[in-house]
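As provided, work-v8.cif (mmCIF, C-alpha atoms) reads as follows.
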data_structure
loop_
_atom_site.label_atom_id
_atom_site.label_comp_id
_atom_site.auth_asym_id
_atom_site.auth_seq_id
_atom_site.Cartn_x
_atom_site.Cartn_y
_atom_site.Cartn_z
CA MET A 1 158.11 0.51 -164.45
CA SER A 2 161.36 -0.82 -165.91
CA LYS A 3 162.82 -4.08 -164.84
CA PRO A 4 165.77 -3.98 -162.38
CA SER A 5 169.00 -3.94 -164.37
CA SER A 6 171.97 -6.17 -163.67
CA LEU A 7 175.66 -5.52 -164.08
CA HIS A 8 177.49 -7.64 -166.68
CA GLY A 9 174.59 -10.08 -166.81
CA LEU A 10 174.67 -10.82 -163.07
CA PRO A 11 171.39 -11.07 -161.16
CA ALA A 12 170.02 -7.86 -159.69
CA PRO A 13 170.83 -7.08 -156.05
CA PHE A 14 168.38 -8.25 -153.41
CA GLU A 15 167.05 -4.75 -152.72
CA HIS A 16 166.07 -4.42 -156.40
CA ALA A 17 164.57 -7.87 -156.73
CA PRO A 18 160.81 -8.03 -157.34
CA LEU A 19 158.69 -8.86 -154.30
CA VAL A 20 156.59 -11.99 -154.74
CA ILE A 21 153.81 -12.61 -152.24
CA ARG A 22 152.56 -16.18 -152.07
CA GLN A 23 149.21 -16.75 -150.47
CA ARG A 24 149.24 -19.64 -148.04
CA ARG A 25 146.69 -22.28 -148.94
CA LEU A 26 144.22 -23.46 -146.39
CA PRO A 27 144.64 -27.14 -145.46
CA TRP A 28 141.20 -28.12 -146.70
CA ALA A 29 141.84 -31.84 -146.25
CA LEU A 30 142.80 -31.35 -142.62
CA LEU A 31 139.84 -29.04 -141.96
CA THR A 32 137.51 -31.59 -143.53
CA LEU A 33 138.96 -34.34 -141.36
CA LEU A 34 138.50 -32.23 -138.22
CA ALA A 35 134.92 -31.38 -139.16
CA PHE A 36 134.21 -35.06 -139.77
CA SER A 37 135.81 -36.02 -136.45
CA TYR A 38 133.94 -33.41 -134.41
CA LEU A 39 130.53 -33.48 -136.11
CA LEU A 40 129.87 -36.77 -137.85
CA VAL A 41 131.76 -39.28 -135.70
CA PRO A 42 129.89 -38.42 -132.45
CA ALA A 43 126.59 -38.54 -134.32
CA LEU A 44 127.23 -41.79 -136.20
CA GLY A 45 129.61 -43.73 -133.95
CA ASN A 46 128.25 -46.17 -131.39
CA ASP A 47 129.63 -46.77 -127.89
CA TYR A 48 131.82 -49.67 -129.01
CA TRP A 49 133.58 -47.67 -131.70
CA LEU A 50 134.10 -44.71 -129.40
CA ASN A 51 135.21 -46.66 -126.31
CA ALA A 52 137.15 -49.55 -127.79
CA ILE A 53 138.63 -48.15 -131.00
CA LEU A 54 138.69 -44.37 -131.42
CA ILE A 55 139.66 -43.28 -127.90
CA PRO A 56 142.61 -45.71 -127.53
CA PHE A 57 143.69 -44.89 -131.09
CA LEU A 58 143.82 -41.17 -130.27
CA VAL A 59 145.65 -41.66 -126.97
CA LEU A 60 148.23 -43.99 -128.53
CA SER A 61 148.72 -41.46 -131.33
CA LEU A 62 149.45 -38.78 -128.74
CA ALA A 63 151.85 -41.05 -126.90
CA GLY A 64 153.61 -41.90 -130.16
CA LEU A 65 153.85 -38.19 -130.93
CA GLY A 66 155.54 -37.56 -127.59
CA LEU A 67 158.09 -40.33 -128.12
CA ASN A 68 158.66 -39.27 -131.74
CA LEU A 69 159.68 -35.78 -130.66
CA LEU A 70 162.46 -37.40 -128.62
CA THR A 71 163.48 -40.32 -130.80
CA GLY A 72 162.44 -39.37 -134.32
CA TYR A 73 163.32 -35.67 -134.22
CA THR A 74 166.19 -35.57 -131.69
CA GLY A 75 167.67 -39.05 -132.09
CA GLN A 76 167.49 -39.95 -128.38
CA THR A 77 166.52 -43.61 -127.99
CA SER A 78 164.01 -44.32 -125.23
CA VAL A 79 162.12 -47.40 -124.08
CA GLY A 80 160.60 -45.84 -120.98
CA ALA A 81 157.62 -44.06 -122.51
CA ALA A 82 155.04 -45.92 -120.41
CA GLY A 83 156.81 -44.89 -117.21
CA PHE A 84 156.30 -41.20 -118.03
CA MET A 85 152.69 -41.96 -118.98
CA ALA A 86 152.27 -43.38 -115.48
CA VAL A 87 153.72 -40.20 -113.96
CA GLY A 88 151.17 -38.07 -115.80
CA ALA A 89 148.29 -40.36 -114.89
CA PHE A 90 149.08 -40.60 -111.17
CA ALA A 91 149.97 -36.89 -110.94
CA SER A 92 146.71 -35.76 -112.60
CA TYR A 93 144.77 -38.13 -110.33
CA ALA A 94 146.48 -36.71 -107.24
CA LEU A 95 145.81 -33.13 -108.33
CA LEU A 96 142.10 -33.76 -108.90
CA LEU A 97 141.83 -35.73 -105.66
CA ARG A 98 143.67 -33.33 -103.36
CA VAL A 99 142.75 -30.05 -105.09
CA PRO A 100 139.04 -30.59 -105.82
CA TRP A 101 138.45 -27.07 -107.17
CA LEU A 102 141.10 -27.51 -109.87
CA PRO A 103 139.56 -27.60 -113.40
CA LEU A 104 140.16 -30.66 -115.51
CA PRO A 105 142.35 -28.91 -118.15
CA LEU A 106 144.65 -27.55 -115.45
CA ALA A 107 144.88 -31.00 -113.84
CA LEU A 108 145.92 -32.50 -117.18
CA LEU A 109 148.46 -29.72 -117.73
CA GLY A 110 149.73 -30.16 -114.17
CA GLY A 111 150.17 -33.89 -114.70
CA GLY A 112 152.01 -33.21 -117.94
CA ALA A 113 154.24 -30.62 -116.24
CA ILE A 114 155.16 -33.01 -113.43
CA SER A 115 155.92 -35.70 -116.00
CA ALA A 116 158.10 -33.17 -117.86
CA LEU A 117 160.10 -32.51 -114.68
CA VAL A 118 160.60 -36.24 -114.14
CA GLY A 119 161.60 -36.67 -117.78
CA LEU A 120 164.07 -33.80 -117.44
CA LEU A 121 165.59 -35.53 -114.42
CA PHE A 122 166.04 -38.84 -116.23
CA GLY A 123 167.25 -36.96 -119.30
CA LEU A 124 170.26 -35.56 -117.47
CA PRO A 125 172.50 -38.52 -118.49
CA SER A 126 171.85 -37.65 -122.17
CA SER A 127 174.58 -35.00 -121.88
CA ARG A 128 177.21 -37.73 -121.53
CA ILE A 129 175.79 -40.92 -123.00
CA LYS A 130 173.74 -41.83 -126.06
CA GLY A 131 172.63 -44.79 -128.12
CA PHE A 132 172.44 -48.14 -126.37
CA TYR A 133 173.53 -46.79 -123.00
CA LEU A 134 170.88 -44.08 -123.03
CA MET A 135 168.31 -46.70 -123.93
CA VAL A 136 169.35 -48.73 -120.88
CA THR A 137 168.96 -45.60 -118.73
CA THR A 138 165.39 -45.06 -119.94
CA LEU A 139 164.70 -48.75 -119.38
CA ALA A 140 165.84 -48.31 -115.77
CA ALA A 141 163.51 -45.31 -115.49
CA GLN A 142 160.63 -47.48 -116.70
CA PHE A 143 161.17 -50.13 -114.02
CA PHE A 144 161.92 -47.58 -111.30
CA LEU A 145 158.76 -45.56 -111.91
CA GLU A 146 156.63 -48.68 -112.08
CA TRP A 147 158.11 -49.81 -108.74
CA VAL A 148 157.48 -46.41 -107.12
CA PHE A 149 153.80 -46.35 -108.03
CA THR A 150 153.38 -49.89 -106.74
CA LYS A 151 155.43 -49.56 -103.53
CA PHE A 152 154.01 -46.34 -102.04
CA PRO A 153 150.23 -46.38 -101.35
CA TRP A 154 150.04 -42.57 -101.23
CA PHE A 155 150.04 -42.43 -105.00
CA TYR A 156 146.86 -44.51 -105.28
CA ASN A 157 145.22 -43.02 -102.14
CA HIS A 158 145.84 -46.16 -100.06
CA ALA A 159 143.26 -48.12 -102.06
CA SER A 160 143.23 -51.83 -101.23
CA SER A 161 143.18 -52.70 -104.92
CA GLY A 162 146.25 -50.57 -105.65
CA THR A 163 144.48 -48.79 -108.48
CA ILE A 164 143.40 -45.27 -109.32
CA SER A 165 139.97 -44.47 -110.72
CA ALA A 166 138.95 -41.81 -113.17
CA PRO A 167 137.32 -38.86 -111.39
CA ARG A 168 134.13 -37.20 -112.51
CA LEU A 169 134.98 -35.54 -115.80
CA GLU A 170 133.47 -32.07 -115.99
CA LEU A 171 134.29 -28.99 -118.03
CA PHE A 172 132.37 -25.70 -117.70
CA GLY A 173 129.63 -27.55 -115.86
CA GLN A 174 129.22 -30.13 -118.63
CA ASN A 175 129.50 -33.82 -117.79
CA LEU A 176 132.07 -35.57 -120.01
CA GLY A 177 131.54 -39.03 -118.56
CA SER A 178 129.62 -40.34 -121.58
CA PRO A 179 131.45 -42.05 -124.46
CA VAL A 180 130.88 -39.01 -126.69
CA GLY A 181 132.13 -36.64 -123.99
CA ARG A 182 135.29 -38.65 -123.37
CA TYR A 183 135.89 -38.94 -127.11
CA LEU A 184 135.56 -35.18 -127.63
CA LEU A 185 137.85 -34.51 -124.66
CA THR A 186 140.50 -36.84 -126.06
CA LEU A 187 140.11 -35.51 -129.61
CA SER A 188 140.45 -31.90 -128.44
CA CYS A 189 143.62 -32.65 -126.45
CA VAL A 190 145.17 -34.57 -129.33
CA ALA A 191 144.26 -31.93 -131.93
CA LEU A 192 145.65 -29.07 -129.81
CA LEU A 193 148.89 -30.84 -128.92
CA THR A 194 149.38 -31.98 -132.52
CA TRP A 195 149.05 -28.38 -133.67
CA VAL A 196 151.63 -27.34 -131.07
CA ALA A 197 153.98 -30.12 -132.21
CA LEU A 198 153.64 -29.11 -135.86
CA ASN A 199 154.65 -25.55 -135.07
CA LEU A 200 157.38 -26.74 -132.71
CA VAL A 201 159.19 -28.93 -135.23
CA ARG A 202 159.04 -26.11 -137.81
CA SER A 203 160.51 -23.60 -135.37
CA ARG A 204 164.13 -23.01 -134.43
CA ILE A 205 163.81 -25.60 -131.67
CA GLY A 206 162.72 -28.28 -134.12
CA ARG A 207 165.49 -27.42 -136.59
CA ASN A 208 168.07 -27.65 -133.81
CA TRP A 209 166.64 -30.99 -132.70
CA MET A 210 166.98 -32.38 -136.22
CA ALA A 211 170.52 -31.03 -136.50
CA ILE A 212 171.40 -32.85 -133.27
CA ARG A 213 169.74 -35.99 -134.60
CA ASP A 214 171.74 -35.93 -137.82
CA MET A 215 175.12 -35.20 -136.19
CA ASP A 216 175.38 -33.76 -132.71
CA THR A 217 179.10 -32.98 -133.08
CA ALA A 218 178.48 -30.79 -136.13
CA ALA A 219 175.55 -29.15 -134.34
CA ALA A 220 177.82 -28.25 -131.42
CA VAL A 221 180.44 -26.85 -133.81
CA VAL A 222 177.95 -24.42 -135.38
CA GLY A 223 176.94 -23.14 -131.95
CA ILE A 224 173.86 -25.16 -131.00
CA PRO A 225 173.75 -25.88 -127.23
CA VAL A 226 173.39 -29.63 -127.69
CA VAL A 227 173.05 -30.55 -124.02
CA GLY A 228 170.27 -28.03 -123.38
CA TYR A 229 168.27 -29.07 -126.43
CA LYS A 230 168.60 -32.77 -125.56
CA ARG A 231 167.22 -32.12 -122.08
CA LEU A 232 164.47 -29.95 -123.55
CA ALA A 233 163.50 -32.83 -125.84
CA PHE A 234 163.19 -35.15 -122.84
CA ALA A 235 161.00 -32.61 -121.03
CA VAL A 236 158.69 -31.94 -123.99
CA SER A 237 158.40 -35.65 -124.81
CA SER A 238 157.55 -36.50 -121.20
CA PHE A 239 154.96 -33.69 -121.12
CA TYR A 240 153.14 -35.23 -124.08
CA LEU A 241 153.44 -38.73 -122.62
CA GLY A 242 152.14 -37.53 -119.25
CA ILE A 243 148.98 -36.08 -120.77
CA ALA A 244 148.55 -39.26 -122.84
CA GLY A 245 148.84 -41.33 -119.66
CA ALA A 246 146.19 -39.26 -117.89
CA LEU A 247 143.82 -39.61 -120.86
CA TRP A 248 144.56 -43.34 -121.00
CA VAL A 249 143.13 -43.68 -117.48
CA PHE A 250 140.46 -40.97 -117.43
CA ALA A 251 139.02 -41.41 -120.93
CA TYR A 252 139.73 -45.05 -121.77
CA LEU A 253 140.45 -47.48 -118.93
CA GLY A 254 138.51 -45.86 -116.09
CA THR A 255 140.71 -47.60 -113.52
CA ALA A 256 144.40 -48.41 -113.76
CA SER A 257 147.40 -49.50 -111.73
CA ALA A 258 151.12 -49.23 -112.23
CA GLY A 259 150.92 -52.49 -114.19
CA SER A 260 148.83 -50.71 -116.81
CA PHE A 261 152.01 -48.85 -117.82
CA ASP A 262 154.46 -51.73 -117.97
CA ILE A 263 157.31 -52.37 -120.39
CA ASN A 264 154.93 -53.89 -122.93
CA ARG A 265 153.19 -50.52 -123.25
CA SER A 266 156.56 -48.85 -123.83
CA PHE A 267 157.37 -51.29 -126.62
CA GLN A 268 153.93 -50.75 -128.13
CA ILE A 269 154.54 -46.99 -128.33
CA LEU A 270 158.01 -47.61 -129.76
CA PHE A 271 156.53 -49.88 -132.43
CA ILE A 272 154.03 -47.14 -133.32
CA ILE A 273 156.74 -44.66 -134.31
CA ILE A 274 158.87 -47.32 -136.02
CA ILE A 275 155.97 -48.62 -138.11
CA GLY A 276 154.41 -45.23 -138.77
CA GLY A 277 157.65 -43.40 -139.49
CA MET A 278 160.15 -41.69 -137.22
CA GLY A 279 160.49 -37.96 -137.70
CA SER A 280 156.93 -37.65 -139.01
CA ILE A 281 153.85 -36.18 -137.33
CA ALA A 282 151.40 -38.07 -139.54
CA GLY A 283 153.33 -41.30 -138.98
CA ASN A 284 152.20 -41.41 -135.34
CA PHE A 285 148.55 -41.62 -136.38
CA ILE A 286 149.27 -44.16 -139.11
CA GLY A 287 151.30 -46.34 -136.75
CA ALA A 288 148.66 -46.11 -134.01
CA ALA A 289 145.96 -47.09 -136.49
CA PHE A 290 148.05 -50.09 -137.56
CA ILE A 291 148.67 -51.17 -133.96
CA SER A 292 145.05 -50.63 -132.87
CA LEU A 293 143.08 -51.89 -135.84
CA LEU A 294 145.13 -54.79 -137.19
CA PRO A 295 144.55 -57.11 -134.16
CA ILE A 296 140.81 -56.41 -134.40
CA LEU A 297 140.79 -57.19 -138.12
CA LEU A 298 142.83 -60.36 -137.57
CA SER A 299 140.49 -61.49 -134.81
CA TYR A 300 137.41 -60.83 -136.94
CA GLY A 301 138.96 -62.53 -139.96
CA GLY A 302 140.02 -65.55 -137.91
CA GLN A 303 136.57 -66.02 -136.44
CA THR A 304 134.94 -65.58 -139.85
CA LEU A 305 137.25 -67.90 -141.80
CA LEU A 306 137.86 -70.57 -139.17
CA GLY A 307 134.33 -70.49 -137.77
CA GLY A 308 135.37 -71.16 -134.17
CA SER A 309 137.18 -74.42 -135.00
CA VAL A 310 140.44 -73.14 -133.49
CA ASP A 311 140.97 -72.60 -129.79
CA ALA A 312 140.88 -68.96 -128.68
CA GLY A 313 144.39 -69.17 -127.21
CA GLN A 314 145.85 -70.62 -130.41
CA LEU A 315 144.02 -67.99 -132.45
CA GLN A 316 145.55 -65.26 -130.30
CA ASN A 317 149.03 -66.71 -130.80
CA LEU A 318 148.37 -66.94 -134.54
CA GLN A 319 147.40 -63.26 -134.52
CA LYS A 320 150.68 -62.36 -132.82
CA ILE A 321 152.65 -64.33 -135.42
CA ILE A 322 150.85 -62.64 -138.32
CA PHE A 323 151.18 -59.26 -136.62
CA GLY A 324 154.93 -59.70 -136.12
CA ALA A 325 155.45 -60.98 -139.67
CA LEU A 326 153.62 -57.96 -141.12
CA ILE A 327 155.74 -55.60 -139.02
CA ILE A 328 158.94 -57.24 -140.30
CA LEU A 329 157.63 -57.13 -143.87
CA PHE A 330 156.84 -53.44 -143.65
CA LEU A 331 160.22 -52.63 -142.12
CA ILE A 332 162.05 -54.54 -144.87
CA LYS A 333 159.94 -53.02 -147.62
CA GLU A 334 160.17 -49.46 -146.32
CA PRO A 335 162.40 -48.79 -143.26
CA GLU A 336 161.12 -45.20 -143.07
CA GLY A 337 157.68 -46.44 -142.10
CA LEU A 338 154.21 -46.58 -143.52
CA VAL A 339 154.08 -42.82 -144.03
CA ARG A 340 156.86 -43.08 -146.63
CA LEU A 341 155.27 -46.17 -148.18
CA LEU A 342 151.95 -44.34 -148.58
CA ALA A 343 153.70 -41.25 -149.95
CA ASN A 344 155.48 -43.36 -152.58
CA LEU A 345 152.20 -45.05 -153.46
CA GLY A 346 150.50 -41.68 -153.88
CA GLU A 347 153.33 -40.48 -156.11
CA ARG A 348 153.04 -43.61 -158.27
CA LEU A 349 149.31 -43.09 -158.65
CA ARG A 350 149.83 -39.44 -159.54
CA ARG A 351 152.33 -40.31 -162.29
CA TRP A 352 150.52 -43.42 -163.57
CA PRO A 353 150.84 -44.84 -166.21
CA LEU A 354 154.38 -43.45 -166.36
CA ARG A 355 157.18 -45.13 -164.48
CA PHE A 356 158.01 -43.82 -161.01
#
Show the structure stored in the file as structure tokens.
Amino acid sequence: MSKPSSLHGLPAPFEHAPLVIRQRRLPWALLTLLAFSYLLVPALGNDYWLNAILIPFLVLSLAGLGLNLLTGYTGQTSVGAAGFMAVGAFASYALLLRVPWLPLPLALLGGGAISALVGLLFGLPSSRIKGFYLMVTTLAAQFFLEWVFTKFPWFYNHASSGTISAPRLELFGQNLGSPVGRYLLTLSCVALLTWVALNLVRSRIGRNWMAIRDMDTAAAVVGIPVVGYKRLAFAVSSFYLGIAGALWVFAYLGTASAGSFDINRSFQILFIIIIGGMGSIAGNFIGAAFISLLPILLSYGGQTLLGGSVDAGQLQNLQKIIFGALIILFLIKEPEGLVRLLANLGERLRRWPLRF
């Protein structure tokens, strides 16, 4: 078969171009990580690692993913993430309490859907305001939602303590109340929603979100319905945050009140995406690992080096100082987050000993 000819040296037309089929490679590293997480971690991990480290790490990663879809991919600043987590937690609790026959997955999805509706409502001002003023609006949402769940006893079933408790966790007749069961429940939710987010940001919706993030005026000029996509980003982000809030109560805390989702939690989630890397799926997990593990390492190092000679309160303040200084150092060294810093490090190692 002869090669397609060209006219006057120009490339051949598209219909005569050779067809090249590229086989998509399997993500062996990701599959290995999933196999390790599902098979080896439950077998080797003890209750402390599962309850105190892995479960909160996974839930915070999911919450960071939800906020990153709004802030990192769409450019909409928000400091009310914990408020939407509270909506998902209290809504899932109410569904399981008042609809006892409802399966656990549907209760989690229902809590996420209700949180998405609330997020869509508070995202309505994004059609007219942005930047600092939108951040103030989400801050108002944070305080308003926290006040609602404290003021009205119906949300916590008129409990004298003002808290909600995790219901009996069952799925297909299997009890998930053990540390391994709660870990596998959290891991499955995070893995599924991460897969959905990966496909979402690669789709037309994700491309439109990033176009709005880069310059919303230019996106509107080329025909992207900016207002609709901004509101969609608020809804999707709140859906993720709502499921993360339900898992935070059901799989990690066991009992929680509106104070469990205060402004400090919102700032913690915001720090996760800033440190990990905005506009990056992997950055949420890196940032959550940094936020979750560094205080534990600092506490262990302080007790080992100082040998208990420093008061516990002073040691905690010292940890906060070191933690804040490291955050500032990372942001100065690489404003795009740890995911970019690790990528640059990997590229240097790949090219070593040549210059990068």
Rank nothing, just name the residue among A:Val222, A:Leu315, A:Val227, A:Ile263 nearest to Ile129 of chain A, using only C-alpha atoms.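 Nearest to Ile129 of chain A: A:Val227.
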Which polymer residues have any atom within 6 Å of an atom of segment 69-80 of chain A, counting only C-alpha atoms, with same-chain residues fewer than 3 positions away left out, as a count of residues only? 14
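Separating atom CA of Ser165 of chain A from atom CA of Leu97 of chain A is a distance of 10.3 Å.
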Determine the residue set returned by the PyMOL selection byres ((chain A and resi 179-187) around 7) for the present structure, and present it as a ChimeraX atom specification. /A:42,47,50-51,55,58,176-178,188-191,247,251
Restricting to only C-alpha atoms, whichever of A:Gly45, A:Gly64, A:Gly110, A:Gly173 is closest to Leu241 of chain A is A:Gly64
I need every residue sitting at most 12 Å from the point (160.4, -29.5, -119.3) (coordinates as in the file, all atoms listed in the file considered), written as a PyMOL selection string. chain A and resi 110+112-124+228-240+242
Tell me, counting all atoms listed in the file, for each residue of segment 233-323 of chain A within 10 Å of segment 334-350 of chain A, which pair of atoms is nearest and how far apart they are in Å to one decimal, in rows ordered by chain and increasing number, as JSON lines.
{"residue": "A:Ile272", "atom": "CA", "partner": "A:Gly337", "partner_atom": "CA", "distance": 9.5}
{"residue": "A:Ile273", "atom": "CA", "partner": "A:Gly337", "partner_atom": "CA", "distance": 8.0}
{"residue": "A:Ile274", "atom": "CA", "partner": "A:Gly337", "partner_atom": "CA", "distance": 6.3}
{"residue": "A:Ile275", "atom": "CA", "partner": "A:Gly337", "partner_atom": "CA", "distance": 4.9}
{"residue": "A:Gly276", "atom": "CA", "partner": "A:Gly337", "partner_atom": "CA", "distance": 4.8}
{"residue": "A:Gly277", "atom": "CA", "partner": "A:Gly337", "partner_atom": "CA", "distance": 4.0}
{"residue": "A:Met278", "atom": "CA", "partner": "A:Glu336", "partner_atom": "CA", "distance": 6.9}
{"residue": "A:Gly279", "atom": "CA", "partner": "A:Glu336", "partner_atom": "CA", "distance": 9.0}
{"residue": "A:Ser280", "atom": "CA", "partner": "A:Val339", "partner_atom": "CA", "distance": 7.7}
{"residue": "A:Ile281", "atom": "CA", "partner": "A:Val339", "partner_atom": "CA", "distance": 9.4}
{"residue": "A:Ala282", "atom": "CA", "partner": "A:Val339", "partner_atom": "CA", "distance": 7.1}
{"residue": "A:Gly283", "atom": "CA", "partner": "A:Val339", "partner_atom": "CA", "distance": 5.3}
{"residue": "A:Asn284", "atom": "CA", "partner": "A:Val339", "partner_atom": "CA", "distance": 9.0}
{"residue": "A:Phe285", "atom": "CA", "partner": "A:Val339", "partner_atom": "CA", "distance": 9.5}
{"residue": "A:Ile286", "atom": "CA", "partner": "A:Val339", "partner_atom": "CA", "distance": 7.0}
{"residue": "A:Gly287", "atom": "CA", "partner": "A:Leu338", "partner_atom": "CA", "distance": 7.4}
{"residue": "A:Phe290", "atom": "CA", "partner": "A:Leu338", "partner_atom": "CA", "distance": 9.3}
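The residue that comes closest to Ala166 of chain A, out of A:Trp248, A:Trp101, A:Trp28, A:Phe132 and on the basis of all atoms listed in the file, is A:Trp248.
On the file presented, the PyMOL selection byres ((chain A and resi 105) around 10) picks out A:Ser92, A:Leu102, A:Pro103, A:Leu104, A:Leu106, A:Ala107, A:Leu108, A:Leu109, A:Gly110, A:Gly111, A:Glu170, A:Leu171, A:Leu185, A:Cys189.
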Of A:Ala86, A:Phe155, A:Pro125, A:Leu134, the one nearest to Arg98 of chain A when counting all atoms listed in the file is A:Phe155
Taking into account all atoms listed in the file, which residue in the set A:Phe143, A:Trp195, A:Phe90, A:Tyr38 is nearest to Gly162 of chain A?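 Between A:Phe143, A:Trp195, A:Phe90, A:Tyr38, the residue approaching Gly162 of chain A most closely is A:Phe90.
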Give the centre and edge lengths of an axis-aligned box, in Å to one decimal, that holds all listed atoms of segment 40-59 of chain A with 5 Å on each side, as JSON.
{"center_x": 136.1, "center_y": -43.2, "center_z": -132.1, "size_x": 29.1, "size_y": 22.9, "size_z": 21.5}
Tell me which of A:Leu270, A:Met85, A:Ala256, A:Ile332 sits closest to Thr150 of chain A, counting only C-alpha atoms.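 When distances to Thr150 of chain A are compared using only C-alpha atoms, the smallest one comes from A:Ala256.
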Figure out the distance between atom CA of Gly245 of chain A and atom CA of Tyr93 of chain A, please, to one decimal in Å.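 The value is 10.7 Å.
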Give me, as a VMD selection string, all polymer residues having an atom no more than 9 Å from Ser292 of chain A, counting all atoms listed in the file and skipping those fewer than 4 positions away in the same chain. chain A and resid 53 56 to 57 60 287 to 288 296
Residues as selected, C-alpha atoms, written as a PDB file, in the frame of the given file, can you do that?
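Final output, saved to result19.pdb:
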ATOM      1  CA  ILE A  53     138.630 -48.150-131.000  1.00  0.00           C
ATOM      2  CA  PRO A  56     142.610 -45.710-127.530  1.00  0.00           C
ATOM      3  CA  PHE A  57     143.690 -44.890-131.090  1.00  0.00           C
ATOM      4  CA  LEU A  60     148.230 -43.990-128.530  1.00  0.00           C
ATOM      5  CA  GLY A 287     151.300 -46.340-136.750  1.00  0.00           C
ATOM      6  CA  ALA A 288     148.660 -46.110-134.010  1.00  0.00           C
ATOM      7  CA  ILE A 296     140.810 -56.410-134.400  1.00  0.00           C
TER       8      ILE A 296
END
